[in-house]
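> Following this line is model-v5.cif, made up of mmCIF, C-alpha atoms (C1' of nucleotides):
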```
data_final
loop_
_atom_site.label_atom_id
_atom_site.label_comp_id
_atom_site.auth_asym_id
_atom_site.auth_seq_id
_atom_site.Cartn_x
_atom_site.Cartn_y
_atom_site.Cartn_z
CA MET A 953 146.96 61.85 76.93
CA THR A 954 148.72 58.50 76.73
CA LEU A 955 151.98 57.75 74.97
CA ASP A 956 150.10 55.70 72.40
CA GLU A 957 147.76 58.55 71.58
CA ALA A 958 150.72 60.90 71.20
CA TRP A 959 152.51 58.53 68.84
CA ARG A 960 149.39 58.02 66.78
CA ILE A 961 149.15 61.78 66.27
CA LEU A 962 152.83 61.98 65.33
CA GLN A 963 152.58 59.11 62.87
CA ASP A 964 149.46 60.57 61.27
CA LYS A 965 151.48 63.69 60.55
CA GLN A 966 154.53 61.72 59.31
CA PHE A 967 156.82 62.61 62.15
CA LYS A 968 159.59 60.11 62.71
CA ARG A 969 159.91 57.97 65.79
CA THR A 970 163.24 59.07 67.24
CA LYS A 971 164.92 58.22 70.48
CA ASN A 972 164.80 61.85 71.59
CA ARG A 973 161.06 62.10 71.04
CA GLU A 974 160.54 58.90 72.97
CA THR A 975 162.53 60.23 75.90
CA ILE A 976 160.71 63.57 75.92
CA LEU A 977 157.27 62.00 75.83
CA GLN A 978 158.20 59.48 78.47
CA PHE A 979 159.32 62.30 80.76
CA PHE A 980 156.07 64.20 80.34
CA SER A 981 153.94 61.12 80.75
CA GLN A 982 155.43 60.51 84.17
CA ASN A 983 155.39 64.14 85.37
CA ASP A 984 151.97 65.62 85.81
CA ARG A 985 152.99 69.26 85.89
CA TYR A 986 154.38 72.16 83.88
CA LEU A 987 158.06 71.64 83.03
CA THR A 988 160.72 73.90 81.53
CA ALA A 989 163.05 73.07 78.66
CA ALA A 990 165.89 72.98 81.19
CA GLU A 991 164.11 70.32 83.25
CA VAL A 992 163.52 68.26 80.14
CA ARG A 993 167.18 68.59 79.25
CA SER A 994 168.32 67.43 82.68
CA PHE A 995 166.30 64.27 82.27
CA MET A 996 167.44 63.64 78.71
CA GLU A 997 171.10 64.02 79.57
CA LEU A 998 170.92 60.79 81.53
CA ASP A 999 170.57 58.92 78.24
CA ASN A 1000 172.05 61.44 75.84
CA PRO A 1001 174.70 63.71 77.41
CA GLY A 1002 175.10 65.74 74.22
CA ILE A 1003 171.42 66.63 73.74
CA SER A 1004 171.00 70.03 72.13
CA PHE A 1005 168.58 72.69 73.32
CA ASP A 1006 167.67 73.14 69.71
CA THR A 1007 166.35 69.61 69.60
CA ILE A 1008 164.40 70.08 72.80
CA TYR A 1009 162.75 73.33 71.81
CA ARG A 1010 162.01 72.11 68.31
CA ASN A 1011 160.22 69.07 69.63
CA LEU A 1012 158.42 70.85 72.45
CA THR A 1013 157.12 73.40 69.97
CA THR A 1014 156.03 70.68 67.57
CA PHE A 1015 154.27 68.76 70.31
CA ALA A 1016 152.46 71.87 71.50
CA GLU A 1017 151.33 72.67 67.95
CA LEU A 1018 149.97 69.15 67.58
CA GLY A 1019 148.08 69.37 70.86
CA ILE A 1020 150.18 66.69 72.52
CA LEU A 1021 151.52 69.17 75.05
CA GLU A 1022 149.97 72.25 76.61
CA GLU A 1023 152.12 75.35 76.84
CA THR A 1024 152.06 78.40 79.07
CA ASP A 1025 154.33 81.23 80.16
CA LEU A 1026 155.17 81.25 83.85
CA MET A 1027 157.49 83.97 85.13
CA GLY A 1028 158.60 84.69 81.58
CA GLU A 1029 159.61 81.10 80.87
CA ARG A 1030 157.91 78.62 78.57
CA HIS A 1031 156.45 75.68 80.44
CA PHE A 1032 154.96 72.51 78.98
CA ARG A 1033 152.88 69.65 80.27
CA MET A 1034 151.13 66.66 78.80
CA GLN A 1035 147.73 67.53 77.41
CA CYS A 1036 145.47 66.05 80.07
CA ASP A 1037 142.20 65.67 78.24
CA ALA A 1038 141.67 67.43 74.96
CA SER A 1039 138.05 66.28 74.76
CA VAL A 1040 136.94 68.49 77.64
CA HIS A 1041 138.00 72.09 77.51
CA HIS A 1042 139.35 73.12 80.89
CA HIS A 1043 141.83 75.29 82.76
CA HIS A 1044 144.33 74.82 85.57
CA PHE A 1045 145.19 75.72 89.07
CA ILE A 1046 149.00 75.84 89.16
CA CYS A 1047 150.92 75.42 92.40
CA THR A 1048 153.62 78.07 92.60
CA ALA A 1049 155.66 75.90 94.96
CA CYS A 1050 155.73 72.45 93.37
CA GLY A 1051 154.35 73.17 89.92
CA LYS A 1052 151.64 70.55 90.13
CA THR A 1053 148.33 71.35 88.52
CA ARG A 1054 144.68 70.65 89.12
CA SER A 1055 142.02 70.78 86.47
CA ILE A 1056 139.32 73.42 86.61
CA PRO A 1057 136.42 72.25 84.52
CA HIS A 1058 134.71 75.65 84.43
CA CYS A 1059 135.49 77.91 81.50
CA PRO A 1060 134.31 81.49 81.81
CA MET A 1061 134.31 82.19 78.11
CA GLU A 1062 130.72 81.36 77.17
CA MET A 1063 129.18 84.00 79.37
CA ILE A 1064 131.67 86.61 78.26
CA THR A 1065 131.99 86.42 74.48
CA VAL A 1066 128.40 87.53 74.07
CA ASN A 1067 129.56 90.91 75.33
CA LEU A 1068 132.19 91.22 72.61
CA PRO A 1069 130.30 91.73 69.37
CA ASP A 1070 132.50 92.70 66.41
CA TYR A 1071 135.52 91.30 68.24
CA GLU A 1072 137.26 88.30 66.69
CA VAL A 1073 138.26 86.07 69.57
CA GLU A 1074 141.32 83.92 68.86
CA GLY A 1075 142.02 82.45 72.24
CA HIS A 1076 142.08 82.96 75.94
CA LYS A 1077 144.05 82.14 79.04
CA PHE A 1078 142.67 81.44 82.47
CA GLU A 1079 144.97 80.24 85.22
CA ILE A 1080 144.79 80.28 89.00
CA TYR A 1081 148.02 80.43 90.97
CA GLY A 1082 148.66 79.49 94.57
CA LYS A 1083 149.65 76.65 96.87
CA CYS A 1084 148.22 73.17 96.63
CA PRO A 1085 147.08 71.44 99.87
CA LEU A 1086 150.35 69.52 100.14
CA CYS A 1087 152.48 72.65 99.87
CA VAL A 1088 150.21 74.63 102.19
CA ALA A 1089 150.94 72.02 104.86
CA ASN A 1090 154.69 72.50 104.48
CA MET B 1451 144.69 106.01 86.66
CA THR B 1452 145.63 109.67 86.23
CA LEU B 1453 149.12 111.13 86.43
CA ASP B 1454 148.18 112.88 89.66
CA GLU B 1455 147.07 109.67 91.28
CA ALA B 1456 150.28 107.98 90.21
CA TRP B 1457 152.42 110.76 91.66
CA ARG B 1458 150.48 110.73 94.90
CA ILE B 1459 151.26 107.02 95.30
CA LEU B 1460 154.92 107.62 94.52
CA GLN B 1461 155.21 110.49 96.97
CA ASP B 1462 153.47 108.50 99.70
CA LYS B 1463 156.17 105.88 99.31
CA GLN B 1464 158.99 108.49 99.21
CA PHE B 1465 159.94 107.94 95.62
CA LYS B 1466 161.61 110.90 94.00
CA ARG B 1467 160.14 112.92 91.20
CA THR B 1468 162.63 112.48 88.38
CA LYS B 1469 162.51 113.47 84.76
CA ASN B 1470 162.66 109.85 83.66
CA ARG B 1471 159.68 108.88 85.77
CA GLU B 1472 157.74 111.81 84.41
CA THR B 1473 158.46 110.77 80.85
CA ILE B 1474 157.53 107.14 81.48
CA LEU B 1475 154.25 108.00 83.15
CA GLN B 1476 153.39 110.51 80.49
CA PHE B 1477 153.94 107.89 77.81
CA PHE B 1478 151.66 105.39 79.52
CA SER B 1479 148.98 107.96 80.23
CA GLN B 1480 148.67 108.70 76.55
CA ASN B 1481 148.82 105.08 75.31
CA ASP B 1482 145.94 102.91 76.36
CA ARG B 1483 147.52 99.57 75.65
CA TYR B 1484 150.21 97.11 76.71
CA LEU B 1485 153.69 98.39 75.89
CA THR B 1486 157.14 96.78 75.96
CA ALA B 1487 160.27 98.18 77.56
CA ALA B 1488 161.64 98.75 74.05
CA GLU B 1489 158.64 100.90 73.11
CA VAL B 1490 159.08 102.93 76.26
CA ARG B 1491 162.73 103.37 75.43
CA SER B 1492 162.01 104.59 71.91
CA PHE B 1493 159.80 107.29 73.32
CA MET B 1494 162.23 108.29 76.04
CA GLU B 1495 165.13 108.61 73.64
CA LEU B 1496 163.47 111.67 72.12
CA ASP B 1497 164.23 113.55 75.32
CA ASN B 1498 167.08 111.51 76.69
CA PRO B 1499 169.16 109.73 74.01
CA GLY B 1500 171.32 107.95 76.60
CA ILE B 1501 168.51 106.39 78.61
CA SER B 1502 169.51 103.04 80.07
CA PHE B 1503 167.38 99.91 79.95
CA ASP B 1504 168.27 99.44 83.57
CA THR B 1505 166.44 102.64 84.41
CA ILE B 1506 163.42 101.65 82.37
CA TYR B 1507 163.06 98.18 83.81
CA ARG B 1508 163.71 99.37 87.35
CA ASN B 1509 160.95 101.94 87.10
CA LEU B 1510 158.49 99.71 85.27
CA THR B 1511 158.95 97.08 87.94
CA THR B 1512 158.51 99.62 90.70
CA PHE B 1513 155.37 101.03 89.11
CA ALA B 1514 153.90 97.57 88.68
CA GLU B 1515 154.61 96.72 92.32
CA LEU B 1516 152.89 99.91 93.42
CA GLY B 1517 149.85 99.16 91.28
CA ILE B 1518 150.42 102.13 89.01
CA LEU B 1519 150.97 99.84 86.04
CA GLU B 1520 149.54 96.46 85.17
CA GLU B 1521 151.94 93.83 83.88
CA THR B 1522 151.51 90.74 81.75
CA ASP B 1523 153.58 88.39 79.64
CA LEU B 1524 152.70 88.37 75.95
CA MET B 1525 154.71 86.14 73.65
CA GLY B 1526 157.39 85.79 76.30
CA GLU B 1527 157.88 89.54 76.68
CA ARG B 1528 156.91 91.71 79.60
CA HIS B 1529 154.22 94.23 78.72
CA PHE B 1530 152.93 97.09 80.84
CA ARG B 1531 149.96 99.41 80.72
CA MET B 1532 148.49 102.06 82.98
CA GLN B 1533 146.29 100.58 85.67
CA CYS B 1534 142.85 101.48 84.34
CA ASP B 1535 140.71 101.31 87.42
CA ALA B 1536 141.98 99.62 90.52
CA SER B 1537 138.67 100.08 92.33
CA VAL B 1538 136.85 97.60 90.12
CA HIS B 1539 138.53 94.26 89.62
CA HIS B 1540 138.46 93.36 85.95
CA HIS B 1541 140.23 91.63 83.09
CA HIS B 1542 141.14 92.43 79.50
CA PHE B 1543 140.54 91.57 75.94
CA ILE B 1544 143.89 92.20 74.21
CA CYS B 1545 144.09 92.85 70.49
CA THR B 1546 146.91 90.76 69.03
CA ALA B 1547 147.25 93.19 66.11
CA CYS B 1548 147.34 96.65 67.67
CA GLY B 1549 147.75 95.82 71.34
CA LYS B 1550 144.75 97.85 72.43
CA THR B 1551 142.70 96.50 75.27
CA ARG B 1552 139.08 96.44 76.33
CA SER B 1553 137.91 95.92 79.87
CA ILE B 1554 135.99 92.83 80.80
CA PRO B 1555 134.16 93.56 84.03
CA HIS B 1556 133.24 89.93 84.62
CA CYS B 1557 135.62 87.95 86.84
CA PRO B 1558 135.14 84.20 86.98
CA MET B 1559 136.92 83.66 90.27
CA GLU B 1560 134.03 83.76 92.75
CA MET B 1561 132.22 80.78 91.33
CA ILE B 1562 135.41 78.78 91.06
CA THR B 1563 137.31 79.19 94.31
CA VAL B 1564 134.52 77.44 96.19
CA ASN B 1565 135.63 74.28 94.41
CA LEU B 1566 139.20 74.61 95.69
CA PRO B 1567 139.03 73.86 99.41
CA ASP B 1568 142.44 73.48 101.08
CA TYR B 1569 144.03 75.35 98.20
CA GLU B 1570 145.64 78.70 98.96
CA VAL B 1571 144.85 80.96 96.03
CA GLU B 1572 147.44 83.70 95.47
CA GLY B 1573 146.32 85.13 92.17
CA HIS B 1574 144.86 84.46 88.78
CA LYS B 1575 145.11 85.51 85.17
CA PHE B 1576 142.31 85.78 82.71
CA GLU B 1577 142.91 87.28 79.30
CA ILE B 1578 141.13 87.04 75.97
CA TYR B 1579 143.15 87.42 72.79
CA GLY B 1580 141.96 88.33 69.32
CA LYS B 1581 141.29 91.18 66.94
CA CYS B 1582 139.46 94.33 67.93
CA PRO B 1583 136.72 95.64 65.58
CA LEU B 1584 139.12 98.16 64.04
CA CYS B 1585 141.73 95.52 63.21
CA VAL B 1586 139.10 93.05 61.99
CA ALA B 1587 138.08 95.63 59.41
CA ASN B 1588 141.65 95.87 58.08
"C1'" DA C 535 171.03 48.16 50.83
"C1'" DA C 536 170.73 52.89 49.02
"C1'" DG C 537 168.71 57.39 48.90
"C1'" DT C 538 166.34 61.33 50.70
"C1'" DG C 539 164.70 64.45 53.60
"C1'" DA C 540 163.86 64.82 58.51
"C1'" DA C 541 166.16 65.17 62.80
"C1'" DT C 542 170.08 66.14 65.47
"C1'" DC C 543 174.32 68.35 66.96
"C1'" DG C 544 177.26 71.92 68.80
"C1'" DG C 545 178.23 76.14 69.02
"C1'" DA C 546 177.41 80.75 67.89
"C1'" DA C 547 173.88 84.47 67.68
"C1'" DT C 548 169.96 86.86 69.35
"C1'" DG C 549 166.88 89.34 72.33
"C1'" DA C 550 165.11 90.47 76.67
"C1'" DT C 551 166.38 91.44 81.16
"C1'" DT C 552 169.56 92.14 85.08
"C1'" DC C 553 173.80 93.27 87.34
"C1'" DC C 554 177.46 96.39 88.73
"C1'" DG C 555 180.84 100.03 89.65
"C1'" DG C 556 181.02 104.66 89.04
"C1'" DT C 557 178.45 109.21 88.46
"C1'" DT C 558 174.56 112.44 88.93
"C1'" DA C 559 170.76 114.64 90.89
"C1'" DT C 560 166.67 114.93 94.21
"C1'" DG C 561 164.81 116.37 98.51
"C1'" DG C 562 165.62 117.06 103.47
"C1'" DG C 563 168.04 119.57 106.74
"C1'" DT C 564 170.97 123.72 107.96
"C1'" DA D 918 170.35 129.08 99.05
"C1'" DC D 919 173.82 125.46 100.13
"C1'" DC D 920 175.21 120.60 101.73
"C1'" DC D 921 174.68 115.94 102.22
"C1'" DA D 922 173.05 111.38 102.06
"C1'" DT D 923 171.28 108.40 99.24
"C1'" DA D 924 168.12 107.38 95.59
"C1'" DA D 925 168.35 107.27 90.80
"C1'" DC D 926 170.82 106.91 86.71
"C1'" DC D 927 174.35 105.58 83.29
"C1'" DG D 928 176.96 102.50 80.21
"C1'" DG D 929 178.38 98.48 79.35
"C1'" DA D 930 179.05 93.85 80.52
"C1'" DA D 931 176.77 89.58 82.06
"C1'" DT D 932 173.04 86.35 82.19
"C1'" DC D 933 169.27 83.61 80.78
"C1'" DA D 934 166.11 81.60 77.67
"C1'" DT D 935 165.55 80.72 73.04
"C1'" DT D 936 166.73 80.44 68.08
"C1'" DC D 937 169.65 80.04 64.12
"C1'" DC D 938 172.90 77.65 61.15
"C1'" DG D 939 176.02 74.64 58.67
"C1'" DA D 940 177.48 70.13 59.00
"C1'" DT D 941 176.37 65.31 60.26
"C1'" DT D 942 173.41 61.39 61.37
"C1'" DC D 943 169.33 58.76 61.30
"C1'" DA D 944 164.52 56.91 60.17
"C1'" DC D 945 161.75 55.38 56.80
"C1'" DT D 946 160.65 54.35 51.72
"C1'" DT D 947 161.70 51.61 47.61
#
```
Please express what this file holds, its structure, as C-alpha cells.


Amino acid sequence: MTLDEAWRILQDKQFKRTKNRETILQFFSQNDRYLTAAEVRSFMELDNPGISFDTIYRNLTTFAELGILEETDLMGERHFRMQCDASVHHHHFICTACGKTRSIPHCPMEMITVNLPDYEVEGHKFEIYGKCPLCVAN
Amino acid sequence: MTLDEAWRILQDKQFKRTKNRETILQFFSQNDRYLTAAEVRSFMELDNPGISFDTIYRNLTTFAELGILEETDLMGERHFRMQCDASVHHHHFICTACGKTRSIPHCPMEMITVNLPDYEVEGHKFEIYGKCPLCVAN
DNA sequence: AAGTGAATCGGAATGATTCCGGTTATGGGT
DNA sequence: ACCCATAACCGGAATCATTCCGATTCACTT
C-alpha cells in the first residue's frame, strides 16, 4: 500500500491529516517488516520528543481496523506492518532474526472450510517462522 | 494426552511430583480447550488459596516446553491446553465464544515449504477462529 | 477568524507476566 | 525411617505492554 492510498482511505472516513499520522505512515512505508509500538515511538521521537504511547496505539489500532496496516502477535507483543497488497489474500513468512517478511500466496483455507459444516468461520492466521536467506548466512 | 503419559514425561526428565502439578494437570485433562493462567489459578485456589502466579506460570511454561501442553497467544494472552495427540501433527479451529477447539488434521506446510528455498523454517502457526456449532445456535 | 469535535499529551492505572529473597517439601541416599 | 540437597513454592514487588483519563491543542468547516 502506498502513502497516497492510505491517505485516501483516511480521508474517506473523515480522519484528520495530522503530523503524527504522517510520521507513522512514513515510517511504515519505508520499513517492510513487522514493527512494535516501541519501534514506532523511537522513530517519532526524532521529530516529536513528547509523543505519547496513547497516540501511537490509538493510531496503529485505527490503521489496522481500516486495513492500512496488518497486525499480528509475535511473542506476546503487537506488531504492525504496512498492508502489502489487500487485493490478493496472502500470508507471510516472518524472519525471527530480522523481522523481515516474505509473502506466501497460498492460503490453505479453501480446502479446509469444507470440512467445517455448521461452524461459523470468522478468521484465520497462518504464519511461517524462521530465518530468511540473509540471516541464515550470518 | 493422558495424565499417565504426562507424568511419565515428567519423571523421565526428573521433575518432582508435587500437589500443584497434579492439580494443574488434572484441570487441563478435564477441560478440552485453551485456558489462561488466571483460569488455572481460579481452579487451584479451591485447594490451595495461596497459590502463586509464579508457580502457575513456571509450570505451564515447563509443561509447554515438554510438549505436555500446547500454547498459543489469543488476544495478547497466553493460552494453554492439553496436547491432544502429538503423534499426528495437526491444527485447531478455536471457538472465540467458548474457547473449545476442534482438530484440523490438514497441515498446509508440505506444499508451501518447497517454495521457500534458502529459508530456514523453524515453525509455523495455523489457526482458524470462529463460532462452534453450539455457540452459533446461541 | 471562530467554533467544534477530533487528536494529542502526560501521567497514572491496568493487566499479564516475571523476578527475587526467603521458606517448604520431594526424592535420593544412609 | 531420617537427612540432605535442591527443586519447588510463596508473597509481594517489579516489569512490560497497553489503556484510560482529564486537560489542552489542533485540523477542518462555515

> Hey, what comes out of the PyMOL selection byres ((chain C) within 9 of (chain B)) on this file? Could you write it as a list in words?

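That expression, the PyMOL selection byres ((chain C) within 9 of (chain B)), corresponds here to DA550, DT551, DT552, DA559, DT560 and DG561 of chain C.
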
> Taking only C-alpha atoms (C1' of nucleotides) into account, report as an mmCIF file with C-alpha atoms (C1' of nucleotides), keeping the file's coordinate frame which residues of chain D lie within 8 Å of chain B.


```
data_model
loop_
_atom_site.group_PDB
_atom_site.id
_atom_site.type_symbol
_atom_site.label_atom_id
_atom_site.label_comp_id
_atom_site.auth_asym_id
_atom_site.auth_seq_id
_atom_site.Cartn_x
_atom_site.Cartn_y
_atom_site.Cartn_z
ATOM 1 C "C1'" DA D 924 168.120 107.380 95.590
ATOM 2 C "C1'" DC D 926 170.820 106.910 86.710
ATOM 3 C "C1'" DC D 927 174.350 105.580 83.290
ATOM 4 C "C1'" DG D 928 176.960 102.500 80.210
#
```

> Name the residues captured by the PyMOL selection byres ((chain A) within 7 of (chain B)) when it is applied to the shown file; answer as a ChimeraX atom specification.

/A:1025,1028-1029,1060,1070-1085,1088

> Could you name the residues that touch D:DT946 at 12 Å or less, counting all atoms listed in the file, but leaving out those on the same chain fewer than 4 positions away, as a PyMOL selection string?

chain C and resi 536-539

> At what distance in Å, to one decimal, does atom CA of B:Thr1486 lie from atom CA of B:Leu1510?

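Distance reported for this atom pair: 9.9 Å.
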
> In Å, how far is it from atom CA of A:Phe995 to atom CA of A:Phe979?

7.4 Å

> Any idea what the distance is between atom CA of A:Val992 and atom CA of A:Ile1008?

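If I compute the distance from atom CA of A:Val992 to atom CA of A:Ile1008, I get 7.6 Å.
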
> Using the chain letters and residue numbers of this document, give as an MDAnalysis selection string the residues selected by the PyMOL selection byres ((chain B and resi 1533) around 6).

chainID B and resid 1451 1518:1520 1532 1534:1535
